[in-house]
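Visitor: Dropping in protein-v7.json, which is JSON, C-alpha atoms:
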```json
[["chain", "number", "residue", "atom", "x", "y", "z"],
["F", 477, "MET", "CA", 5.48, 23.58, -10.68],
["F", 478, "SER", "CA", 5.38, 19.80, -11.02],
["F", 479, "LEU", "CA", 7.39, 17.68, -8.60],
["F", 480, "ASP", "CA", 10.86, 16.90, -9.95],
["F", 481, "PHE", "CA", 12.19, 13.33, -9.99],
["F", 482, "SER", "CA", 15.32, 13.97, -12.05],
["F", 483, "GLY", "CA", 18.10, 11.56, -11.13],
["F", 484, "ARG", "CA", 15.74, 9.22, -9.29],
["F", 485, "VAL", "CA", 15.26, 5.57, -10.19],
["F", 486, "ALA", "CA", 11.83, 4.00, -9.68],
["F", 487, "ILE", "CA", 10.45, 0.48, -9.87],
["F", 488, "VAL", "CA", 6.73, 0.31, -10.57],
["F", 489, "THR", "CA", 5.12, -3.13, -10.37],
["F", 490, "GLY", "CA", 1.99, -3.98, -12.30],
["F", 491, "ALA", "CA", 2.85, -1.11, -14.64],
["F", 492, "GLY", "CA", 1.74, -2.63, -17.93],
["F", 493, "GLY", "CA", -1.68, -1.00, -17.73],
["F", 494, "GLY", "CA", -4.14, 0.86, -15.53],
["F", 495, "LEU", "CA", -2.81, 2.67, -12.49],
["F", 496, "GLY", "CA", 0.70, 1.26, -12.78],
["F", 497, "ARG", "CA", 1.05, 2.53, -16.33],
["F", 498, "GLU", "CA", -0.10, 5.99, -15.27],
["F", 499, "HIS", "CA", 2.36, 5.96, -12.36],
["F", 500, "ALA", "CA", 5.26, 4.91, -14.59],
["F", 501, "LEU", "CA", 4.47, 7.51, -17.26],
["F", 502, "ALA", "CA", 4.12, 10.29, -14.69],
["F", 503, "LEU", "CA", 7.40, 9.48, -12.94],
["F", 504, "ALA", "CA", 9.24, 9.27, -16.25],
["F", 505, "LYS", "CA", 7.71, 12.56, -17.44],
["F", 506, "ARG", "CA", 9.13, 14.22, -14.34],
["F", 507, "GLY", "CA", 12.63, 12.89, -14.89],
["F", 508, "ALA", "CA", 12.77, 9.50, -13.18],
["F", 509, "LYS", "CA", 14.34, 6.45, -14.75],
["F", 510, "VAL", "CA", 11.68, 3.75, -14.54],
["F", 511, "VAL", "CA", 11.58, -0.02, -14.37],
["F", 512, "VAL", "CA", 8.21, -1.01, -15.81],
["F", 513, "ASN", "CA", 7.42, -4.35, -14.20],
["F", 514, "ASP", "CA", 4.45, -6.41, -15.30],
["F", 515, "LEU", "CA", 3.91, -10.15, -15.51],
["F", 516, "GLY", "CA", 1.40, -9.50, -18.28],
["F", 517, "GLY", "CA", -1.19, -11.91, -16.93],
["F", 518, "ALA", "CA", -4.97, -11.72, -16.92],
["F", 519, "ARG", "CA", -6.96, -10.00, -14.18],
["F", 520, "ASP", "CA", -7.11, -13.28, -12.24],
["F", 521, "GLY", "CA", -3.34, -13.73, -12.47],
["F", 522, "SER", "CA", -3.31, -16.40, -15.17],
["F", 523, "GLY", "CA", -0.95, -16.28, -18.13],
["F", 524, "GLY", "CA", 1.92, -13.91, -18.75],
["F", 525, "SER", "CA", 3.65, -11.81, -21.40],
["F", 526, "SER", "CA", 6.26, -9.05, -21.48],
["F", 527, "THR", "CA", 4.34, -7.16, -24.18],
["F", 528, "ALA", "CA", 2.37, -4.89, -21.83],
["F", 529, "ALA", "CA", 5.48, -3.73, -19.96],
["F", 530, "GLN", "CA", 7.42, -3.18, -23.17],
["F", 531, "ASN", "CA", 4.61, -1.09, -24.65],
["F", 532, "VAL", "CA", 4.81, 1.29, -21.70],
["F", 533, "VAL", "CA", 8.58, 1.44, -21.98],
["F", 534, "ASP", "CA", 8.21, 2.31, -25.66],
["F", 535, "GLU", "CA", 5.85, 5.16, -24.72],
["F", 536, "ILE", "CA", 8.34, 6.52, -22.20],
["F", 537, "ILE", "CA", 11.27, 6.33, -24.58],
["F", 538, "ALA", "CA", 9.25, 7.93, -27.38],
["F", 539, "ALA", "CA", 8.56, 10.85, -25.03],
["F", 540, "GLY", "CA", 12.28, 11.24, -24.30],
["F", 541, "GLY", "CA", 12.45, 9.32, -21.04],
["F", 542, "GLU", "CA", 14.45, 6.34, -19.83],
["F", 543, "ALA", "CA", 12.87, 3.01, -18.94],
["F", 544, "ILE", "CA", 13.36, -0.74, -19.08],
["F", 545, "ALA", "CA", 10.79, -3.52, -19.07],
["F", 546, "ASN", "CA", 10.69, -6.42, -16.66],
["F", 547, "ALA", "CA", 8.25, -9.33, -16.59],
["F", 548, "ALA", "CA", 9.12, -10.84, -13.19],
["F", 549, "SER", "CA", 6.29, -12.14, -11.04],
["F", 550, "VAL", "CA", 6.30, -10.35, -7.70],
["F", 551, "THR", "CA", 5.48, -13.71, -6.11],
["F", 552, "ASP", "CA", 8.93, -15.03, -7.16],
["F", 553, "PHE", "CA", 11.52, -13.56, -4.81],
["F", 554, "ALA", "CA", 14.46, -14.77, -6.90],
["F", 555, "ALA", "CA", 12.97, -13.08, -9.97],
["F", 556, "VAL", "CA", 12.39, -9.89, -7.99],
["F", 557, "GLN", "CA", 15.99, -9.97, -6.80],
["F", 558, "SER", "CA", 17.15, -10.34, -10.40],
["F", 559, "MET", "CA", 15.01, -7.34, -11.37],
["F", 560, "VAL", "CA", 16.57, -5.28, -8.60],
["F", 561, "GLN", "CA", 20.08, -6.37, -9.59],
["F", 562, "GLU", "CA", 19.39, -5.51, -13.23],
["F", 563, "THR", "CA", 18.27, -2.06, -12.12],
["F", 564, "MET", "CA", 21.39, -1.55, -10.02],
["F", 565, "ASP", "CA", 23.63, -2.73, -12.85],
["F", 566, "LYS", "CA", 22.04, -0.24, -15.23],
["F", 567, "TRP", "CA", 21.47, 2.81, -13.04],
["F", 568, "GLY", "CA", 23.34, 2.20, -9.76],
["F", 569, "ARG", "CA", 20.55, 3.07, -7.34],
["F", 570, "ILE", "CA", 16.88, 2.55, -6.53],
["F", 571, "ASP", "CA", 15.05, 5.46, -4.94],
["F", 572, "ILE", "CA", 11.38, 4.63, -5.36],
["F", 573, "LEU", "CA", 9.32, 1.45, -5.17],
["F", 574, "ILE", "CA", 5.68, 1.58, -6.16],
["F", 575, "ASN", "CA", 4.02, -1.69, -5.11],
["F", 576, "ASN", "CA", 1.07, -1.79, -7.47],
["F", 577, "ALA", "CA", 0.88, -5.34, -8.89],
["F", 578, "GLY", "CA", -2.33, -7.17, -8.10],
["F", 579, "ILE", "CA", -5.01, -9.59, -9.20],
["F", 580, "LEU", "CA", -8.65, -10.21, -8.37],
["F", 581, "ARG", "CA", -10.44, -13.47, -7.66],
["F", 582, "ASP", "CA", -13.70, -12.19, -6.21],
["F", 583, "LYS", "CA", -16.29, -14.49, -4.69],
["F", 584, "SER", "CA", -18.23, -14.56, -1.45],
["F", 585, "PHE", "CA", -16.24, -16.16, 1.36],
["F", 586, "GLY", "CA", -18.53, -19.17, 1.62],
["F", 587, "LYS", "CA", -18.02, -19.99, -2.06],
["F", 588, "MET", "CA", -14.34, -19.07, -2.34],
["F", 589, "GLU", "CA", -11.72, -21.77, -2.74],
["F", 590, "LEU", "CA", -8.78, -21.45, -0.35],
["F", 591, "GLU", "CA", -6.39, -21.54, -3.29],
["F", 592, "ASP", "CA", -7.97, -18.34, -4.61],
["F", 593, "PHE", "CA", -7.61, -16.78, -1.18],
["F", 594, "ARG", "CA", -3.94, -17.76, -0.92],
["F", 595, "LEU", "CA", -3.05, -16.59, -4.42],
["F", 596, "VAL", "CA", -4.48, -13.11, -3.89],
["F", 597, "LEU", "CA", -2.55, -12.84, -0.62],
["F", 598, "GLU", "CA", 0.57, -14.08, -2.40],
["F", 599, "VAL", "CA", 0.39, -11.50, -5.17],
["F", 600, "HIS", "CA", -0.67, -8.43, -3.19],
["F", 601, "LEU", "CA", 0.82, -8.94, 0.25],
["F", 602, "MET", "CA", 3.80, -11.23, -0.33],
["F", 603, "GLY", "CA", 4.47, -9.49, -3.63],
["F", 604, "GLY", "CA", 4.85, -6.27, -1.68],
["F", 605, "VAL", "CA", 7.00, -8.02, 0.91],
["F", 606, "ASN", "CA", 9.27, -9.52, -1.76],
["F", 607, "CYS", "CA", 9.82, -6.21, -3.49],
["F", 608, "CYS", "CA", 10.42, -4.32, -0.23],
["F", 609, "LYS", "CA", 12.85, -6.97, 0.98],
["F", 610, "ALA", "CA", 14.82, -6.83, -2.28],
["F", 611, "VAL", "CA", 15.26, -3.03, -2.26],
["F", 612, "TRP", "CA", 15.56, -2.55, 1.50],
["F", 613, "PRO", "CA", 19.35, -3.05, 1.83],
["F", 614, "ILE", "CA", 19.94, -0.73, -1.12],
["F", 615, "MET", "CA", 17.78, 2.03, 0.31],
["F", 616, "THR", "CA", 19.34, 1.54, 3.73],
["F", 617, "ALA", "CA", 22.87, 1.82, 2.33],
["F", 618, "GLN", "CA", 22.08, 4.98, 0.36],
["F", 619, "ASN", "CA", 20.07, 6.49, 3.24],
["F", 620, "TYR", "CA", 17.16, 7.26, 0.98],
["F", 621, "GLY", "CA", 14.04, 5.48, -0.14],
["F", 622, "ARG", "CA", 10.39, 6.07, -0.92],
["F", 623, "ILE", "CA", 8.05, 3.08, -0.86],
["F", 624, "MET", "CA", 4.36, 3.18, -1.66],
["F", 625, "MET", "CA", 1.96, 0.34, -0.98],
["F", 626, "THR", "CA", -1.27, 0.20, -2.96],
["F", 627, "THR", "CA", -3.98, -0.53, -0.45],
["F", 628, "SER", "CA", -7.73, -0.29, -1.01],
["F", 629, "SER", "CA", -10.95, 0.90, 0.56],
["F", 630, "SER", "CA", -11.86, -2.79, 0.50],
["F", 631, "GLY", "CA", -9.01, -3.45, 2.90],
["F", 632, "LEU", "CA", -9.67, -0.40, 5.05],
["F", 633, "TYR", "CA", -13.44, -0.84, 5.27],
["F", 634, "GLY", "CA", -14.39, -4.18, 3.70],
["F", 635, "ASN", "CA", -16.33, -5.06, 0.58],
["F", 636, "PHE", "CA", -18.69, -7.94, -0.19],
["F", 637, "GLY", "CA", -17.05, -10.73, -2.18],
["F", 638, "GLN", "CA", -13.50, -9.56, -1.57],
["F", 639, "SER", "CA", -12.39, -11.23, 1.65],
["F", 640, "ASN", "CA", -9.09, -12.33, 0.07],
["F", 641, "TYR", "CA", -8.40, -8.94, -1.51],
["F", 642, "SER", "CA", -9.45, -7.08, 1.65],
["F", 643, "ALA", "CA", -7.17, -9.16, 3.87],
["F", 644, "ALA", "CA", -4.23, -8.64, 1.52],
["F", 645, "LYS", "CA", -4.79, -4.91, 1.19],
["F", 646, "LEU", "CA", -5.05, -4.29, 4.91],
["F", 647, "GLY", "CA", -2.01, -6.51, 5.38],
["F", 648, "LEU", "CA", -0.07, -4.04, 3.23],
["F", 649, "VAL", "CA", -1.11, -1.25, 5.59],
["F", 650, "GLY", "CA", 0.29, -3.21, 8.51],
["F", 651, "LEU", "CA", 3.51, -3.73, 6.59],
["F", 652, "MET", "CA", 3.63, -0.01, 5.84],
["F", 653, "GLN", "CA", 3.11, 0.90, 9.49],
["F", 654, "THR", "CA", 6.13, -1.07, 10.67],
["F", 655, "LEU", "CA", 8.48, -0.40, 7.74],
["F", 656, "SER", "CA", 7.84, 3.32, 8.12],
["F", 657, "ILE", "CA", 9.09, 3.08, 11.71],
["F", 658, "GLU", "CA", 12.06, 0.85, 10.94],
["F", 659, "GLY", "CA", 13.13, 2.84, 7.88],
["F", 660, "ALA", "CA", 12.88, 6.31, 9.37],
["F", 661, "LYS", "CA", 16.51, 6.49, 10.55],
["F", 662, "HIS", "CA", 17.64, 5.83, 6.96],
["F", 663, "ASP", "CA", 15.18, 8.32, 5.44],
["F", 664, "ILE", "CA", 13.13, 5.49, 3.99],
["F", 665, "ARG", "CA", 9.58, 6.79, 3.99],
["F", 666, "VAL", "CA", 6.79, 4.27, 3.54],
["F", 667, "ASN", "CA", 3.21, 5.20, 2.75],
["F", 668, "ALA", "CA", 0.04, 3.72, 1.29],
["F", 669, "LEU", "CA", -2.43, 4.81, -1.36],
["F", 670, "ALA", "CA", -6.06, 3.71, -1.59],
["F", 671, "PRO", "CA", -7.14, 4.56, -5.15],
["F", 672, "THR", "CA", -10.54, 4.74, -6.78],
["F", 673, "ALA", "CA", -9.97, 4.34, -10.49],
["F", 674, "ALA", "CA", -11.40, 2.81, -13.63],
["F", 675, "THR", "CA", -9.07, -0.03, -14.56],
["F", 676, "ARG", "CA", -9.54, -3.64, -15.65],
["F", 677, "MET", "CA", -9.66, -4.43, -11.91],
["F", 678, "THR", "CA", -12.87, -2.39, -11.59],
["F", 679, "ASN", "CA", -14.56, -3.40, -14.83],
["F", 680, "GLY", "CA", -18.13, -4.45, -14.06],
["F", 681, "LEU", "CA", -18.11, -2.92, -10.59],
["F", 682, "TYR", "CA", -19.43, 0.53, -11.56],
["F", 683, "PRO", "CA", -21.82, 1.92, -14.21],
["F", 684, "GLU", "CA", -20.17, 3.43, -17.29],
["F", 685, "ALA", "CA", -20.93, 7.01, -16.22],
["F", 686, "MET", "CA", -19.16, 6.45, -12.90],
["F", 687, "LEU", "CA", -16.18, 4.79, -14.59],
["F", 688, "ASN", "CA", -15.77, 7.87, -16.75],
["F", 689, "ALA", "CA", -15.54, 10.00, -13.61],
["F", 690, "ILE", "CA", -12.77, 7.94, -11.98],
["F", 691, "GLN", "CA", -9.90, 7.99, -14.44],
["F", 692, "ALA", "CA", -6.67, 6.31, -13.34],
["F", 693, "SER", "CA", -4.74, 9.50, -14.06],
["F", 694, "ASP", "CA", -6.71, 11.26, -11.30],
["F", 695, "VAL", "CA", -4.89, 9.14, -8.72],
["F", 696, "VAL", "CA", -1.38, 9.98, -9.93],
["F", 697, "PRO", "CA", -0.89, 13.22, -7.93],
["F", 698, "ALA", "CA", -1.25, 11.29, -4.68],
["F", 699, "MET", "CA", 1.36, 8.77, -5.82],
["F", 700, "LEU", "CA", 3.75, 11.55, -6.78],
["F", 701, "VAL", "CA", 3.40, 13.17, -3.36],
["F", 702, "LEU", "CA", 4.04, 9.87, -1.59],
["F", 703, "ALA", "CA", 7.10, 9.17, -3.77],
["F", 704, "ALA", "CA", 8.60, 12.67, -3.62],
["F", 705, "GLU", "CA", 11.65, 13.80, -1.72],
["F", 706, "ASP", "CA", 9.37, 15.76, 0.63],
["F", 707, "ALA", "CA", 6.99, 12.81, 1.05],
["F", 708, "PRO", "CA", 5.29, 12.22, 4.38],
["F", 709, "ASN", "CA", 5.93, 9.03, 6.31],
["F", 710, "ARG", "CA", 3.32, 6.51, 7.51],
["F", 711, "THR", "CA", 0.43, 8.15, 5.69],
["F", 712, "ILE", "CA", -2.58, 6.52, 4.05],
["F", 713, "LEU", "CA", -3.86, 8.72, 1.23],
["F", 714, "CYS", "CA", -7.10, 8.04, -0.61],
["F", 715, "ALA", "CA", -7.63, 9.41, -4.09],
["F", 716, "GLY", "CA", -10.20, 9.30, -6.86],
["F", 717, "ALA", "CA", -12.09, 11.51, -9.32],
["F", 718, "GLY", "CA", -10.04, 14.55, -8.32],
["F", 719, "SER", "CA", -10.63, 14.22, -4.56],
["F", 720, "PHE", "CA", -8.03, 13.37, -1.93],
["F", 721, "GLU", "CA", -8.55, 12.16, 1.62],
["F", 722, "ALA", "CA", -6.49, 10.59, 4.41],
["F", 723, "ALA", "CA", -7.44, 7.43, 6.27],
["F", 724, "HIS", "CA", -6.33, 6.73, 9.83],
["F", 725, "ILE", "CA", -6.30, 3.72, 12.11],
["F", 726, "SER", "CA", -7.25, 5.35, 15.38],
["F", 727, "LEU", "CA", -7.72, 4.37, 19.01],
["F", 728, "THR", "CA", -10.57, 5.59, 21.20],
["F", 729, "GLN", "CA", -9.95, 6.74, 24.76],
["F", 730, "GLY", "CA", -12.07, 3.81, 25.93],
["F", 731, "LEU", "CA", -13.01, 2.94, 29.51],
["F", 732, "PHE", "CA", -11.18, 1.38, 32.41],
["F", 733, "LEU", "CA", -13.38, -1.36, 33.84],
["F", 734, "GLY", "CA", -10.81, -3.24, 35.86],
["F", 735, "ARG", "CA", -11.26, -6.87, 36.84],
["F", 736, "GLY", "CA", -14.22, -8.72, 38.19],
["F", 737, "ASP", "CA", -16.85, -11.31, 37.39],
["F", 738, "ASP", "CA", -19.19, -8.78, 35.82],
["F", 739, "VAL", "CA", -16.72, -6.91, 33.57],
["F", 740, "ASP", "CA", -18.16, -8.65, 30.51],
["F", 741, "GLU", "CA", -21.64, -7.41, 31.41],
["F", 742, "GLN", "CA", -20.34, -3.90, 32.08],
["F", 743, "LEU", "CA", -18.50, -3.88, 28.76],
["F", 744, "LEU", "CA", -21.60, -4.95, 26.86],
["F", 745, "ALA", "CA", -23.71, -2.32, 28.60],
["F", 746, "ARG", "CA", -21.19, 0.46, 27.97],
["F", 747, "LEU", "CA", -19.89, -0.58, 24.56],
["F", 748, "GLN", "CA", -21.03, 2.64, 22.91],
["F", 749, "GLU", "CA", -18.87, 4.60, 25.37],
["F", 750, "VAL", "CA", -15.88, 2.43, 24.47],
["F", 751, "LYS", "CA", -16.54, 3.09, 20.78],
["F", 752, "ASN", "CA", -16.98, 6.86, 21.26],
["F", 753, "THR", "CA", -14.68, 8.57, 18.76],
["F", 754, "THR", "CA", -14.78, 12.03, 20.34],
["F", 755, "THR", "CA", -11.40, 11.66, 22.01],
["F", 756, "GLN", "CA", -9.80, 9.16, 19.64],
["F", 757, "SER", "CA", -6.10, 9.41, 18.82],
["F", 758, "ILE", "CA", -3.78, 8.11, 16.10],
["F", 759, "PRO", "CA", -1.12, 6.00, 17.84],
["F", 760, "GLU", "CA", 2.52, 6.56, 16.88],
["F", 761, "ASN", "CA", 3.20, 2.83, 17.06],
["F", 762, "GLY", "CA", 1.77, -0.45, 18.27],
["F", 763, "MET", "CA", 2.94, 0.13, 21.83],
["F", 764, "ALA", "CA", 0.47, 2.98, 22.27],
["F", 765, "GLN", "CA", -2.50, 0.72, 23.00],
["F", 766, "GLY", "CA", -0.70, -1.12, 25.79],
["F", 767, "HIS", "CA", 0.68, 2.13, 27.19],
["F", 768, "GLN", "CA", -2.79, 3.69, 27.28],
["F", 769, "GLU", "CA", -4.25, 0.63, 29.01],
["F", 770, "ILE", "CA", -1.45, 0.38, 31.57],
["F", 771, "MET", "CA", -1.65, 4.09, 32.41],
["F", 772, "ALA", "CA", -5.41, 3.80, 32.91],
["F", 773, "ALA", "CA", -4.93, 0.84, 35.24],
["F", 774, "MET", "CA", -2.19, 2.56, 37.24],
["F", 775, "GLY", "CA", -4.31, 5.70, 37.52],
["F", 776, "ALA", "CA", -7.25, 3.69, 38.81],
["F", 777, "HIS", "CA", -5.10, 1.97, 41.40],
["F", 778, "ARG", "CA", -3.71, 5.31, 42.61],
["F", 779, "ASP", "CA", -7.25, 6.57, 43.04]]
```
Here is the file; what I need is its structure written in the form of structure tokens.
Guide:
Amino acid sequence: MSLDFSGRVAIVTGAGGGLGREHALALAKRGAKVVVNDLGGARDGSGGSSTAAQNVVDEIIAAGGEAIANAASVTDFAAVQSMVQETMDKWGRIDILINNAGILRDKSFGKMELEDFRLVLEVHLMGGVNCCKAVWPIMTAQNYGRIMMTTSSSGLYGNFGQSNYSAAKLGLVGLMQTLSIEGAKHDIRVNALAPTAATRMTNGLYPEAMLNAIQASDVVPAMLVLAAEDAPNRTILCAGAGSFEAAHISLTQGLFLGRGDDVDEQLLARLQEVKNTTTQSIPENGMAQGHQEIMAAMGAHRD
């Protein structure tokens, strides 16, 4: 049986087309009331129109669902707050936030203007921050929330010509890591999704045959799992073309080399041992690295 979102209220940003549209339609089909947010700009973030968001709302309503359109820019915190207030006034709660809005301004780092770097960070990373900040007190008060960040393999692993996009997308993972810890006591679960999908963001990046294999709808099941009542917490799911994987930021066991004038030379000589992934772990929080290093030092001193 499909996951049930009856009675839930969801905000999906960047939902006028592509992945966001698929997310909004899927949530509405399963009973959620949906705020379809989209600035309606071009792929590079220029321009704006409420038409794209309204078209998706019309689809949802025609299918028997409930939805409203919103054209706020996620970079404008006041506008995001107004969107959240409008949602509360209409439906009285917000259960799900899908941070999906984004733009691309690809260029190799040496040729990229700093303004293009900043704008991509502003839309992806600060857009996610703005939306999370606006819904956080509501989710805290109701002791329930599901937040999904849209990250990318470019952020997790890098991609030529996307230094701005990569930095923003990995920044969202860092935000997810901490919010998942801070929100846990209020049953606010925060996760991330790295999709592979044919959208206007990927036009020109893949041959036509490959684009046909990576439909945006193929990613939706992962979103639904991360937004569900039984969602995990602090999970990075990857999805595309019918396959699903999990990505982890792990820590190797490493080596204790102590102090001394030749530690740099020892480290260089034994770097492959430090990088050995055989005994790697997935830290529960950012304190784990320091704890591991301190315990290794104390153990060495006892010896």
Visitor: Please determine, counting all atoms listed in the file, which residue among F:Gly604, F:Gly540, F:Gly496, F:Gly490 has the shortest atom-to-atom distance to Lys509 of chain F.
Guide: F:Gly540
Visitor: Take atom CA of Gly650 of chain F and atom CA of Leu727 of chain F and report the distance between them in Å, one decimal.
Guide: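 Calculated distance between atom CA of Gly650 of chain F and atom CA of Leu727 of chain F is 15.2 Å.
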Visitor: Just to confirm, what's the straight-line distance from atom CA of Phe593 of chain F to atom CA of Gly578 of chain F in Å (one decimal)?
Guide: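 According to the coordinates, atom CA of Phe593 of chain F and atom CA of Gly578 of chain F are separated by 13.0 Å.
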Visitor: Using only C-alpha atoms, which residues sit within 12 Å of Leu479 of chain F once same-chain residues fewer than 3 positions away are excluded, as a count of residues only?
Guide: 21
Visitor: Show which residues sit within 12 Å of Ile544 of chain F, as a ChimeraX atom specification. Count all atoms listed in the file, and ignore same-chain residues fewer than 5 positions away.
Guide: /F:485-488,491-492,500,504,508-514,526,529-537,559-560,562-563,566-567
Visitor: Work out how far atom CA of Leu743 of chain F is from atom CA of Phe636 of chain F, in Å to one decimal.
Guide: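 Separation of atom CA of Phe636 of chain F and atom CA of Leu743 of chain F: 29.2 Å.
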Visitor: Write out as a short mmCIF file (atom, residue, chain, number, x, y, z; two decimals) with C-alpha atoms, in the coordinates of the input each polymer residue whose atoms come within 12 Å of Glu721 of chain F, counting only C-alpha atoms; drop sequence neighbours fewer than 4 positions from it.
Guide:
```
data_model
loop_
_atom_site.label_atom_id
_atom_site.label_comp_id
_atom_site.auth_asym_id
_atom_site.auth_seq_id
_atom_site.Cartn_x
_atom_site.Cartn_y
_atom_site.Cartn_z
CA SER F 629 -10.95 0.90 0.56
CA LEU F 669 -2.43 4.81 -1.36
CA ALA F 670 -6.06 3.71 -1.59
CA PRO F 671 -7.14 4.56 -5.15
CA THR F 672 -10.54 4.74 -6.78
CA VAL F 695 -4.89 9.14 -8.72
CA ALA F 698 -1.25 11.29 -4.68
CA THR F 711 0.43 8.15 5.69
CA ILE F 712 -2.58 6.52 4.05
CA LEU F 713 -3.86 8.72 1.23
CA CYS F 714 -7.10 8.04 -0.61
CA ALA F 715 -7.63 9.41 -4.09
CA GLY F 716 -10.20 9.30 -6.86
CA ALA F 717 -12.09 11.51 -9.32
#
```
Visitor: Can you put N, CA, C and O atoms back into segment 615-627 of chain F and show it as a JSON list (two decimals), keeping the file's coordinate frame?
Guide:
```
[["chain", "number", "residue", "atom", "x", "y", "z"],
["F", 615, "MET", "N", 18.27, 0.76, -0.22],
["F", 615, "MET", "CA", 17.78, 2.03, 0.31],
["F", 615, "MET", "C", 18.43, 2.36, 1.65],
["F", 615, "MET", "O", 18.72, 3.52, 1.95],
["F", 616, "THR", "N", 18.67, 1.33, 2.45],
["F", 616, "THR", "CA", 19.34, 1.54, 3.73],
["F", 616, "THR", "C", 20.75, 2.05, 3.52],
["F", 616, "THR", "O", 21.20, 3.01, 4.18],
["F", 617, "ALA", "N", 21.48, 1.43, 2.60],
["F", 617, "ALA", "CA", 22.87, 1.82, 2.33],
["F", 617, "ALA", "C", 22.98, 3.24, 1.79],
["F", 617, "ALA", "O", 23.91, 3.98, 2.11],
["F", 618, "GLN", "N", 22.01, 3.64, 0.95],
["F", 618, "GLN", "CA", 22.08, 4.98, 0.36],
["F", 618, "GLN", "C", 21.37, 6.03, 1.21],
["F", 618, "GLN", "O", 21.36, 7.22, 0.87],
["F", 619, "ASN", "N", 20.78, 5.58, 2.34],
["F", 619, "ASN", "CA", 20.07, 6.49, 3.24],
["F", 619, "ASN", "C", 19.01, 7.30, 2.52],
["F", 619, "ASN", "O", 18.83, 8.50, 2.76],
["F", 620, "TYR", "N", 18.26, 6.61, 1.68],
["F", 620, "TYR", "CA", 17.16, 7.26, 0.98],
["F", 620, "TYR", "C", 16.27, 6.21, 0.35],
["F", 620, "TYR", "O", 16.76, 5.26, -0.28],
["F", 621, "GLY", "N", 14.98, 6.37, 0.52],
["F", 621, "GLY", "CA", 14.04, 5.48, -0.14],
["F", 621, "GLY", "C", 12.62, 5.98, 0.04],
["F", 621, "GLY", "O", 12.27, 6.57, 1.06],
["F", 622, "ARG", "N", 11.82, 5.75, -0.98],
["F", 622, "ARG", "CA", 10.39, 6.07, -0.92],
["F", 622, "ARG", "C", 9.63, 4.84, -1.40],
["F", 622, "ARG", "O", 9.81, 4.41, -2.54],
["F", 623, "ILE", "N", 8.81, 4.28, -0.53],
["F", 623, "ILE", "CA", 8.05, 3.08, -0.86],
["F", 623, "ILE", "C", 6.57, 3.38, -0.73],
["F", 623, "ILE", "O", 6.13, 3.94, 0.29],
["F", 624, "MET", "N", 5.81, 3.01, -1.73],
["F", 624, "MET", "CA", 4.36, 3.18, -1.66],
["F", 624, "MET", "C", 3.67, 1.83, -1.84],
["F", 624, "MET", "O", 3.93, 1.11, -2.79],
["F", 625, "MET", "N", 2.81, 1.51, -0.89],
["F", 625, "MET", "CA", 1.96, 0.34, -0.98],
["F", 625, "MET", "C", 0.62, 0.76, -1.60],
["F", 625, "MET", "O", 0.10, 1.84, -1.27],
["F", 626, "THR", "N", 0.07, -0.07, -2.45],
["F", 626, "THR", "CA", -1.27, 0.20, -2.96],
["F", 626, "THR", "C", -2.26, -0.60, -2.13],
["F", 626, "THR", "O", -2.36, -1.82, -2.25],
["F", 627, "THR", "N", -2.96, 0.11, -1.27],
["F", 627, "THR", "CA", -3.98, -0.53, -0.45],
["F", 627, "THR", "C", -5.33, -0.32, -1.13],
["F", 627, "THR", "O", -5.40, -0.06, -2.33]]
```
